[in-house]
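Have a look at data24.txt; it's compact mmCIF, C-alpha atoms:
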```
# COMPACT_ATOMS: atom_id res chain seq x y z
CA MET I 1 -6.19 -113.53 -63.15
CA LYS I 2 -4.95 -110.63 -65.15
CA ILE I 3 -8.48 -109.26 -65.24
CA MET I 4 -8.83 -109.69 -61.48
CA SER I 5 -5.49 -108.11 -60.83
CA PHE I 6 -6.36 -105.28 -63.15
CA GLN I 7 -9.70 -104.81 -61.34
CA ALA I 8 -7.94 -104.89 -58.00
CA SER I 9 -5.40 -102.34 -59.10
CA LEU I 10 -8.14 -100.21 -60.58
CA ALA I 11 -10.07 -100.39 -57.35
CA ALA I 12 -6.96 -99.46 -55.39
CA ALA I 13 -6.35 -96.54 -57.73
CA LEU I 14 -9.94 -95.38 -57.27
CA VAL I 15 -9.59 -95.62 -53.50
CA LEU I 16 -6.38 -93.61 -53.58
CA ALA I 17 -7.95 -91.02 -55.86
CA ALA I 18 -10.95 -90.76 -53.60
CA ALA I 19 -8.69 -90.39 -50.60
CA TRP I 20 -6.66 -87.69 -52.35
CA LEU I 21 -9.78 -85.83 -53.33
CA ALA I 22 -11.19 -86.19 -49.89
CA SER I 23 -8.11 -84.80 -48.15
CA PRO I 24 -8.46 -81.19 -49.53
CA VAL I 25 -12.10 -81.25 -48.71
CA SER I 26 -11.37 -82.26 -45.15
CA ALA I 27 -8.62 -79.65 -44.99
CA GLN I 28 -11.01 -77.07 -46.29
CA THR I 29 -13.64 -78.21 -43.84
CA GLN I 30 -11.09 -77.97 -41.05
CA ALA I 31 -9.82 -74.59 -42.29
CA THR I 32 -13.31 -73.27 -42.69
CA PRO I 33 -14.15 -73.53 -38.96
CA ALA I 34 -10.66 -72.27 -38.12
CA ALA I 35 -11.24 -69.10 -40.10
CA PRO I 36 -14.24 -68.09 -37.96
CA VAL I 37 -12.24 -68.89 -34.87
CA GLN I 38 -9.51 -66.55 -36.06
CA SER I 39 -12.07 -63.95 -37.10
CA THR I 40 -13.61 -64.13 -33.66
CA ALA I 41 -10.23 -64.18 -31.96
CA GLN I 42 -8.73 -61.41 -34.11
CA PRO I 43 -11.09 -58.67 -32.89
CA SER I 44 -9.87 -59.24 -29.35
CA PRO I 45 -6.21 -58.34 -30.08
CA VAL I 46 -7.20 -55.80 -32.73
CA SER I 47 -9.68 -53.90 -30.57
CA PRO I 48 -7.32 -53.24 -27.61
CA ALA I 49 -4.44 -52.49 -29.97
CA PRO I 50 -5.62 -48.93 -30.80
CA VAL I 51 -6.28 -48.27 -27.15
CA VAL I 52 -3.15 -49.72 -25.58
CA ALA I 53 -0.31 -49.84 -28.09
CA PRO I 54 -0.57 -46.84 -30.45
CA PRO I 55 -2.20 -44.18 -28.23
CA ALA I 56 -0.17 -45.24 -25.19
CA ALA I 57 2.79 -42.98 -26.06
CA PRO I 58 0.72 -39.84 -26.89
CA GLN I 59 -1.37 -40.24 -23.74
CA ALA I 60 1.75 -40.61 -21.60
CA VAL I 61 3.31 -37.46 -23.12
CA ALA I 62 0.16 -35.34 -23.21
CA PRO I 63 -0.62 -35.59 -19.49
CA ALA I 64 2.95 -34.66 -18.64
CA LYS I 65 2.72 -31.45 -20.68
CA SER I 66 -0.72 -30.62 -19.37
CA ASP I 67 0.38 -31.26 -15.80
CA THR I 68 3.41 -28.97 -16.23
CA ALA I 69 1.25 -26.26 -17.70
CA ALA I 70 -1.29 -26.75 -14.92
CA VAL I 71 1.44 -26.41 -12.31
CA ILE I 72 2.99 -23.30 -13.86
CA ALA I 73 -0.25 -21.54 -14.75
CA PRO I 74 -1.77 -21.49 -11.24
CA ALA I 75 1.58 -20.42 -9.79
CA MET I 76 1.67 -17.44 -12.13
CA LYS I 77 -1.98 -16.63 -11.41
CA GLU I 78 -1.40 -16.74 -7.65
CA LEU I 79 1.18 -13.91 -7.72
CA SER I 80 -1.12 -11.52 -5.90
CA PRO I 81 0.26 -8.98 -3.39
CA TRP I 82 -1.01 -10.99 -0.44
CA VAL I 83 0.49 -14.28 -1.70
CA MET I 84 3.80 -12.54 -2.42
CA PHE I 85 3.80 -11.04 1.08
CA MET I 86 3.10 -14.39 2.73
CA SER I 87 5.84 -16.15 0.77
CA ALA I 88 8.45 -13.42 1.29
CA ASP I 89 11.48 -13.63 3.57
CA ILE I 90 11.08 -12.55 7.21
CA ILE I 91 13.24 -9.44 6.64
CA VAL I 92 11.19 -8.41 3.62
CA LYS I 93 7.99 -9.04 5.60
CA ALA I 94 9.24 -6.77 8.40
CA VAL I 95 10.06 -4.05 5.87
CA MET I 96 6.60 -4.31 4.29
CA ILE I 97 4.83 -4.21 7.66
CA GLY I 98 6.84 -1.16 8.74
CA LEU I 99 6.06 0.67 5.50
CA ALA I 100 2.37 -0.20 5.79
CA PHE I 101 2.35 1.18 9.34
CA ALA I 102 4.09 4.35 8.10
CA SER I 103 1.43 4.77 5.43
CA LEU I 104 -1.28 4.34 8.07
CA MET I 105 0.37 7.04 10.19
CA THR I 106 0.45 9.37 7.17
CA TRP I 107 -3.28 9.14 6.63
CA THR I 108 -3.95 9.43 10.37
CA VAL I 109 -1.93 12.64 10.52
CA LEU I 110 -3.82 13.94 7.48
CA ILE I 111 -7.20 13.44 9.11
CA ALA I 112 -6.17 14.68 12.56
CA LYS I 113 -4.28 17.77 11.36
CA SER I 114 -7.00 18.71 8.88
CA ILE I 115 -9.60 18.74 11.66
CA GLU I 116 -7.27 20.55 14.08
CA LEU I 117 -6.27 23.30 11.64
CA SER I 118 -9.81 23.79 10.41
CA ILE I 119 -11.18 24.22 13.95
CA ALA I 120 -8.31 26.47 15.07
CA ALA I 121 -8.56 28.76 12.03
CA THR I 122 -12.35 29.02 12.34
CA LYS I 123 -12.16 29.93 16.04
CA LEU I 124 -9.46 32.53 15.49
CA ARG I 125 -11.33 34.23 12.63
CA SER I 126 -14.48 34.34 14.75
CA ALA I 127 -12.53 35.84 17.69
CA LEU I 128 -10.96 38.51 15.47
CA LYS I 129 -14.41 39.52 14.24
CA LYS I 130 -15.69 39.81 17.79
CA ILE I 131 -12.94 42.20 18.92
CA ALA I 132 -12.89 44.21 15.70
CA GLU I 133 -14.96 46.99 17.37
CA ALA I 134 -13.42 46.70 20.84
CA ARG I 135 -11.79 49.90 22.19
CA SER I 136 -9.76 48.42 25.06
CA LEU I 137 -8.30 45.18 26.35
CA ALA I 138 -11.01 44.83 28.98
CA GLU I 139 -13.74 45.34 26.40
CA ALA I 140 -12.12 42.74 24.12
CA GLN I 141 -11.96 40.24 26.94
CA MET I 142 -15.61 40.79 27.70
CA ALA I 143 -16.47 40.23 24.03
CA LEU I 144 -14.61 36.93 23.97
CA GLY I 145 -15.84 35.73 27.35
CA SER I 146 -14.12 32.84 29.05
CA LYS I 147 -13.26 30.96 25.89
CA ALA I 148 -9.75 29.61 25.56
CA GLY I 149 -7.69 30.26 22.48
CA ILE I 150 -4.72 32.04 21.04
CA LEU I 151 -6.34 35.51 21.00
CA PRO I 152 -7.44 35.36 24.66
CA SER I 153 -3.84 34.38 25.46
CA PHE I 154 -2.58 37.54 23.73
CA LEU I 155 -5.08 39.72 25.57
CA ALA I 156 -4.22 38.12 28.92
CA ALA I 157 -0.49 38.66 28.30
CA ALA I 158 -1.08 42.34 27.41
CA LEU I 159 -3.21 42.96 30.51
CA ARG I 160 -0.66 41.21 32.73
CA GLU I 161 2.18 43.33 31.35
CA ALA I 162 0.16 46.54 31.74
CA ARG I 163 -0.68 45.65 35.32
CA MET I 164 2.90 44.69 36.18
CA SER I 165 4.23 47.89 34.58
CA ALA I 166 1.84 50.18 36.46
CA GLY I 167 3.60 53.33 37.59
CA LEU I 168 6.22 53.20 34.85
CA SER I 169 6.32 56.19 32.56
CA SER I 170 7.96 54.46 29.57
CA ASP I 171 5.31 53.19 27.19
CA THR I 172 8.01 51.92 24.83
CA GLY I 173 9.32 49.48 27.43
CA ILE I 174 5.82 48.18 28.13
CA LYS I 175 5.17 47.60 24.43
CA GLU I 176 8.50 45.84 23.97
CA ARG I 177 7.88 43.53 26.89
CA ALA I 178 4.36 42.83 25.63
CA ALA I 179 5.74 42.12 22.11
CA SER I 180 8.24 39.68 23.67
CA SER I 181 5.41 37.87 25.42
CA PHE I 182 3.46 37.79 22.15
CA SER I 183 6.46 36.27 20.35
CA GLU I 184 6.72 33.50 22.92
CA ILE I 185 3.02 32.73 22.54
CA MET I 186 3.36 32.68 18.75
CA ARG I 187 6.33 30.32 18.86
CA ALA I 188 4.50 27.98 21.23
CA GLU I 189 1.47 28.00 18.94
CA ALA I 190 3.65 27.32 15.88
CA ARG I 191 5.24 24.35 17.64
CA ARG I 192 1.85 23.03 18.66
CA ILE I 193 0.32 23.38 15.23
CA ARG I 194 3.28 21.69 13.52
CA VAL I 195 3.09 18.56 15.66
CA GLY I 196 2.92 15.59 13.33
CA MET I 197 4.53 17.29 10.35
CA GLY I 198 7.94 15.96 11.34
CA VAL I 199 6.53 12.45 11.05
CA LEU I 200 5.36 13.21 7.52
CA ALA I 201 8.79 14.59 6.59
CA THR I 202 10.52 11.51 7.98
CA ILE I 203 8.20 9.08 6.21
CA GLY I 204 8.46 10.94 2.92
CA SER I 205 12.25 11.02 2.95
CA THR I 206 13.07 7.54 4.29
CA SER I 207 10.32 5.24 2.97
CA PRO I 208 11.81 4.83 -0.55
CA PHE I 209 15.17 3.81 0.92
CA VAL I 210 13.56 1.38 3.35
CA GLY I 211 11.64 -0.18 0.46
CA LEU I 212 14.84 -0.34 -1.57
CA PHE I 213 16.52 -2.22 1.28
CA GLY I 214 13.72 -4.79 1.21
CA THR I 215 14.08 -5.10 -2.57
CA VAL I 216 17.84 -5.65 -2.38
CA TRP I 217 17.39 -8.27 0.32
CA GLY I 218 14.68 -10.08 -1.64
CA ILE I 219 16.66 -10.10 -4.90
CA MET I 220 19.68 -11.43 -3.01
CA ASN I 221 17.56 -14.31 -1.73
CA SER I 222 16.25 -14.89 -5.27
CA PHE I 223 19.77 -15.23 -6.62
CA ILE I 224 20.61 -17.65 -3.82
CA GLY I 225 17.56 -19.70 -4.78
CA ILE I 226 18.62 -19.65 -8.44
CA SER I 227 22.07 -20.93 -7.53
CA LYS I 228 20.57 -23.73 -5.45
CA SER I 229 18.05 -24.79 -8.09
CA GLN I 230 20.61 -24.31 -10.90
CA THR I 231 17.97 -23.03 -13.29
CA THR I 232 17.10 -19.69 -14.80
CA ASN I 233 13.54 -20.59 -15.71
CA LEU I 234 11.27 -17.56 -15.43
CA ALA I 235 8.70 -19.55 -13.45
CA VAL I 236 11.36 -20.12 -10.78
CA VAL I 237 12.95 -16.67 -10.82
CA ALA I 238 9.85 -14.47 -11.19
CA PRO I 239 8.16 -15.03 -7.79
CA GLY I 240 11.21 -14.04 -5.74
CA ILE I 241 11.90 -10.93 -7.83
CA ALA I 242 8.22 -9.95 -7.68
CA GLU I 243 8.25 -10.25 -3.87
CA ALA I 244 11.35 -8.06 -3.74
CA LEU I 245 9.85 -5.38 -5.99
CA LEU I 246 6.71 -5.35 -3.87
CA ALA I 247 8.75 -3.82 -1.03
CA THR I 248 9.79 -0.91 -3.27
CA ALA I 249 6.20 -0.43 -4.40
CA ILE I 250 4.96 -0.22 -0.80
CA GLY I 251 7.78 2.21 0.01
CA LEU I 252 6.64 4.51 -2.79
CA VAL I 253 3.01 4.16 -1.70
CA ALA I 254 4.05 5.35 1.77
CA ALA I 255 6.44 8.10 0.61
CA ILE I 256 4.51 9.87 -2.16
CA PRO I 257 1.37 10.71 -0.10
CA ALA I 258 3.56 11.75 2.85
CA VAL I 259 5.44 14.30 0.73
CA ILE I 260 2.25 15.66 -0.83
CA ILE I 261 0.47 15.94 2.53
CA TYR I 262 3.52 17.60 4.12
CA ASN I 263 3.59 20.28 1.41
CA TYR I 264 -0.14 20.83 1.80
CA PHE I 265 0.11 21.28 5.57
CA SER I 266 3.06 23.63 5.12
CA ARG I 267 0.82 25.98 3.14
CA VAL I 268 -2.13 25.61 5.50
CA THR I 269 0.06 26.13 8.57
CA LYS I 270 1.58 29.25 7.06
CA SER I 271 -1.90 30.69 6.50
CA TYR I 272 -2.88 29.89 10.08
CA LEU I 273 0.26 31.50 11.50
CA GLU I 274 -0.57 34.64 9.53
CA LEU I 275 -3.91 34.71 11.37
CA VAL I 276 -2.00 34.30 14.65
CA SER I 277 0.18 37.26 13.69
CA ARG I 278 -2.95 39.30 13.02
CA ALA I 279 -4.26 38.40 16.48
CA SER I 280 -0.94 39.47 18.01
CA GLY I 281 -1.15 42.81 16.17
CA ALA I 282 -4.74 43.32 17.35
CA ALA I 283 -3.76 42.72 21.00
CA GLY I 284 -0.78 45.10 20.61
CA ARG I 285 -2.99 47.85 19.22
CA LEU I 286 -5.46 47.49 22.07
CA LEU I 287 -2.59 47.72 24.59
CA SER I 288 -1.25 50.84 22.88
CA ARG I 289 -4.70 52.48 23.05
CA ASP I 290 -4.99 51.68 26.73
CA LEU I 291 -1.56 53.15 27.40
CA ASP I 292 -2.34 56.31 25.45
CA ARG I 293 -5.71 56.59 27.12
CA SER I 294 -4.18 56.23 30.58
CA HIS I 295 -1.57 58.88 29.85
CA GLY I 296 -4.24 61.16 28.41
CA SER I 297 -6.36 60.84 31.54
CA VAL I 298 -3.29 61.55 33.69
CA HIS I 299 -2.48 64.66 31.66
CA SER I 300 -6.10 65.85 31.83
CA ARG I 301 -6.16 65.39 35.59
CA ALA I 302 -2.86 67.23 35.90
CA ALA I 303 -4.25 70.07 33.82
CA GLU I 304 -7.32 70.26 36.05
```

This structure in structure tokens:
Amino acid sequence: MKIMSFQASLAAALVLAAAWLASPVSAQTQATPAAPVQSTAQPSPVSPAPVVAPPAAPQAVAPAKSDTAAVIAPAMKELSPWVMFMSADIIVKAVMIGLAFASLMTWTVLIAKSIELSIAATKLRSALKKIAEARSLAEAQMALGSKAGILPSFLAAALREARMSAGLSSDTGIKERAASSFSEIMRAEARRIRVGMGVLATIGSTSPFVGLFGTVWGIMNSFIGISKSQTTNLAVVAPGIAEALLATAIGLVAAIPAVIIYNYFSRVTKSYLELVSRASGAAGRLLSRDLDRSHGSVHSRAAE
């Protein structure tokens, strides 16, 4: 019985030992398939982790900075004169349009007066050459023909005065009256030839102040915009100030050429009026010869 009980206990001990030894093996066998499951499941959370969790913050910050730079950079690049004009205040726009029109008038006067003075001076020089050898008013009129001009006007005034003063013995009075008529013709010609120069003088003297008015108005609006936005960022302040300064720039563009062209025409007009004075002197000399010749013929007839 003792042997059988010993054998039974030994068998029970062997069974327990086998069960104990078998339990780690089963745990290992169960853990072994679990490890691949984790290895297969781990790549799924690990692979999105670099994409979603860590880079999420840099990607969220980087686009914000790039977007801000992209918004500011095109705005600064678009500050062309045309864009500044279109975005300016209505008062500043009116100032710019007026100054542009004044500049257009300046160049129109330059072209028109250059052609007019050139043609008038050329005609007068040619007429003076034609009558250089004339001995009387009638001969000078025949040399000039029926052409209109300042010199034919002088000759016609001299002949009219000589005809109206026929029978008068005072040659001095005739010459004085003829000189008075010549002075009126010269003044009328000076007024005619200076037409347009007053416009140049006005543009040259007032355009800078008109542009300055547009600048002051634009800067005032810029300060109002700064107070409303409550920021002094250059990207916010610069466009308004640039639009305001554009008005001053256009004012100077209109004023500087106007002053230069006015001074040029002053010199050219003075030269032309000197030619007119020469024509007046030539007509006066021809009248004096006719008067002396008429008195000489009268004296010769009286002597006969």

**Prompt:** Restricting the calculation to all atoms listed in the file, which member of I:Arg187, I:Arg135, I:Arg163, I:Arg194 is positioned closest to Phe265 (chain I)?
**Reply:** I:Arg194

Using the file's own x, y and z axes, so that the box edges lie along x, y and z, what centre and edge lengths in Å (one decimal) does a box around every listed atom of region 96-108 of chain I get when 3 Å is added on each side? Give it as JSON.
```
{"center_x": 1.4, "center_y": 2.6, "center_z": 7.3, "size_x": 16.8, "size_y": 19.7, "size_z": 12.1}
```

**Request:** Could you tell me which of I:Val253, I:Leu124, I:Leu273, I:Ala94 comes closest to Lys147 (chain I) if we count all atoms listed in the file?
**Result:**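 Among the listed residues, I:Leu124 lies closest to Lys147 (chain I).
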
**Prompt:** Just how far from CA of Leu151 (chain I) is CA of Ala120 (chain I), in Å to one decimal?
**Reply:**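 Going from CA of Ala120 (chain I) over to CA of Leu151 (chain I) covers 11.0 Å.
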
**Request:** Rounded to one decimal place, report the CA of Gly167 (chain I)-CA of Arg289 (chain I) distance in Å.
**Result:**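 Those two atoms sit 16.8 Å apart.
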
**Prompt:** Quick one: of I:Ser136, I:Ser294, I:Ser207, I:Ser280, who's nearest to Ala100 (chain I), counting only C-alpha atoms?
**Reply:**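 Nearest to Ala100 (chain I): I:Ser207.
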
**Message:** When you look at Leu245 (chain I) with a cut-off of 9 Å (counting only C-alpha atoms), what residues show up, excluding the ones that are within fewer than 4 positions of it in the same chain? I need them as JSON, numbers by chain.
**Reply:** {"I": [211, 212, 214, 215, 216, 218, 219, 240, 241, 249, 250]}

**Message:** To one decimal place in Å, what is the distance between CA of Ser277 (chain I) and CA of Val259 (chain I)?
**Reply:** 26.9 Å

Would you mind completing region 151-186 of chain I so that it carries N, CA and C atoms, and writing it out as a compact mmCIF listing (two decimals), in the coordinates of the input?
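Final file, out_24.txt:
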```
# COMPACT_ATOMS: atom_id res chain seq x y z
N LEU I 151 -6.08 34.08 20.81
CA LEU I 151 -6.34 35.51 21.00
C LEU I 151 -6.57 35.86 22.47
N PRO I 152 -7.36 35.07 23.22
CA PRO I 152 -7.44 35.36 24.66
C PRO I 152 -6.08 35.29 25.35
N SER I 153 -5.19 34.43 24.88
CA SER I 153 -3.84 34.38 25.46
C SER I 153 -3.09 35.67 25.22
N PHE I 154 -3.22 36.25 24.02
CA PHE I 154 -2.58 37.54 23.73
C PHE I 154 -3.15 38.65 24.62
N LEU I 155 -4.46 38.68 24.76
CA LEU I 155 -5.08 39.72 25.57
C LEU I 155 -4.67 39.58 27.04
N ALA I 156 -4.63 38.33 27.53
CA ALA I 156 -4.22 38.12 28.92
C ALA I 156 -2.77 38.54 29.14
N ALA I 157 -1.89 38.25 28.17
CA ALA I 157 -0.49 38.66 28.30
C ALA I 157 -0.36 40.18 28.29
N ALA I 158 -1.14 40.88 27.47
CA ALA I 158 -1.08 42.34 27.41
C ALA I 158 -1.57 42.95 28.71
N LEU I 159 -2.69 42.44 29.24
CA LEU I 159 -3.21 42.96 30.51
C LEU I 159 -2.24 42.70 31.65
N ARG I 160 -1.62 41.53 31.68
CA ARG I 160 -0.66 41.21 32.73
C ARG I 160 0.54 42.14 32.67
N GLU I 161 1.04 42.42 31.47
CA GLU I 161 2.18 43.33 31.35
C GLU I 161 1.80 44.75 31.74
N ALA I 162 0.60 45.19 31.37
CA ALA I 162 0.16 46.54 31.74
C ALA I 162 0.00 46.66 33.25
N ARG I 163 -0.51 45.59 33.88
CA ARG I 163 -0.68 45.65 35.32
C ARG I 163 0.67 45.61 36.04
N MET I 164 1.60 44.78 35.53
CA MET I 164 2.90 44.69 36.18
C MET I 164 3.76 45.94 35.93
N SER I 165 3.46 46.67 34.90
CA SER I 165 4.23 47.89 34.58
C SER I 165 3.52 49.16 35.05
N ALA I 166 2.56 48.99 35.96
CA ALA I 166 1.84 50.18 36.46
C ALA I 166 2.81 51.08 37.21
N GLY I 167 2.73 52.36 36.95
CA GLY I 167 3.60 53.33 37.59
C GLY I 167 4.83 53.66 36.79
N LEU I 168 5.08 52.91 35.70
CA LEU I 168 6.22 53.20 34.85
C LEU I 168 5.79 54.18 33.76
N SER I 169 6.67 55.14 33.52
CA SER I 169 6.32 56.19 32.56
C SER I 169 6.71 55.86 31.13
N SER I 170 7.46 54.78 30.91
CA SER I 170 7.96 54.46 29.57
C SER I 170 6.99 53.52 28.88
N ASP I 171 6.23 54.04 27.95
CA ASP I 171 5.31 53.19 27.19
C ASP I 171 6.06 52.28 26.22
N THR I 172 7.22 52.73 25.77
CA THR I 172 8.01 51.92 24.83
C THR I 172 8.45 50.62 25.48
N GLY I 173 8.90 50.69 26.72
CA GLY I 173 9.32 49.48 27.43
C GLY I 173 8.17 48.52 27.63
N ILE I 174 6.99 49.06 27.94
CA ILE I 174 5.82 48.18 28.13
C ILE I 174 5.48 47.46 26.83
N LYS I 175 5.50 48.21 25.73
CA LYS I 175 5.17 47.60 24.43
C LYS I 175 6.20 46.56 24.02
N GLU I 176 7.46 46.83 24.31
CA GLU I 176 8.50 45.84 23.97
C GLU I 176 8.33 44.57 24.78
N ARG I 177 8.07 44.72 26.07
CA ARG I 177 7.88 43.53 26.89
C ARG I 177 6.62 42.76 26.47
N ALA I 178 5.58 43.50 26.12
CA ALA I 178 4.36 42.83 25.63
C ALA I 178 4.63 42.12 24.30
N ALA I 179 5.40 42.74 23.40
CA ALA I 179 5.74 42.12 22.11
C ALA I 179 6.56 40.86 22.33
N SER I 180 7.46 40.88 23.36
CA SER I 180 8.24 39.68 23.67
C SER I 180 7.34 38.55 24.14
N SER I 181 6.36 38.90 24.98
CA SER I 181 5.41 37.87 25.42
C SER I 181 4.60 37.34 24.25
N PHE I 182 4.21 38.24 23.33
CA PHE I 182 3.46 37.79 22.15
C PHE I 182 4.29 36.85 21.29
N SER I 183 5.59 37.13 21.15
CA SER I 183 6.46 36.27 20.35
C SER I 183 6.58 34.87 20.96
N GLU I 184 6.66 34.81 22.28
CA GLU I 184 6.72 33.50 22.92
C GLU I 184 5.44 32.72 22.69
N ILE I 185 4.30 33.40 22.78
CA ILE I 185 3.02 32.73 22.54
C ILE I 185 2.93 32.24 21.10
N MET I 186 3.40 33.07 20.15
CA MET I 186 3.36 32.68 18.75
C MET I 186 4.26 31.48 18.47
```
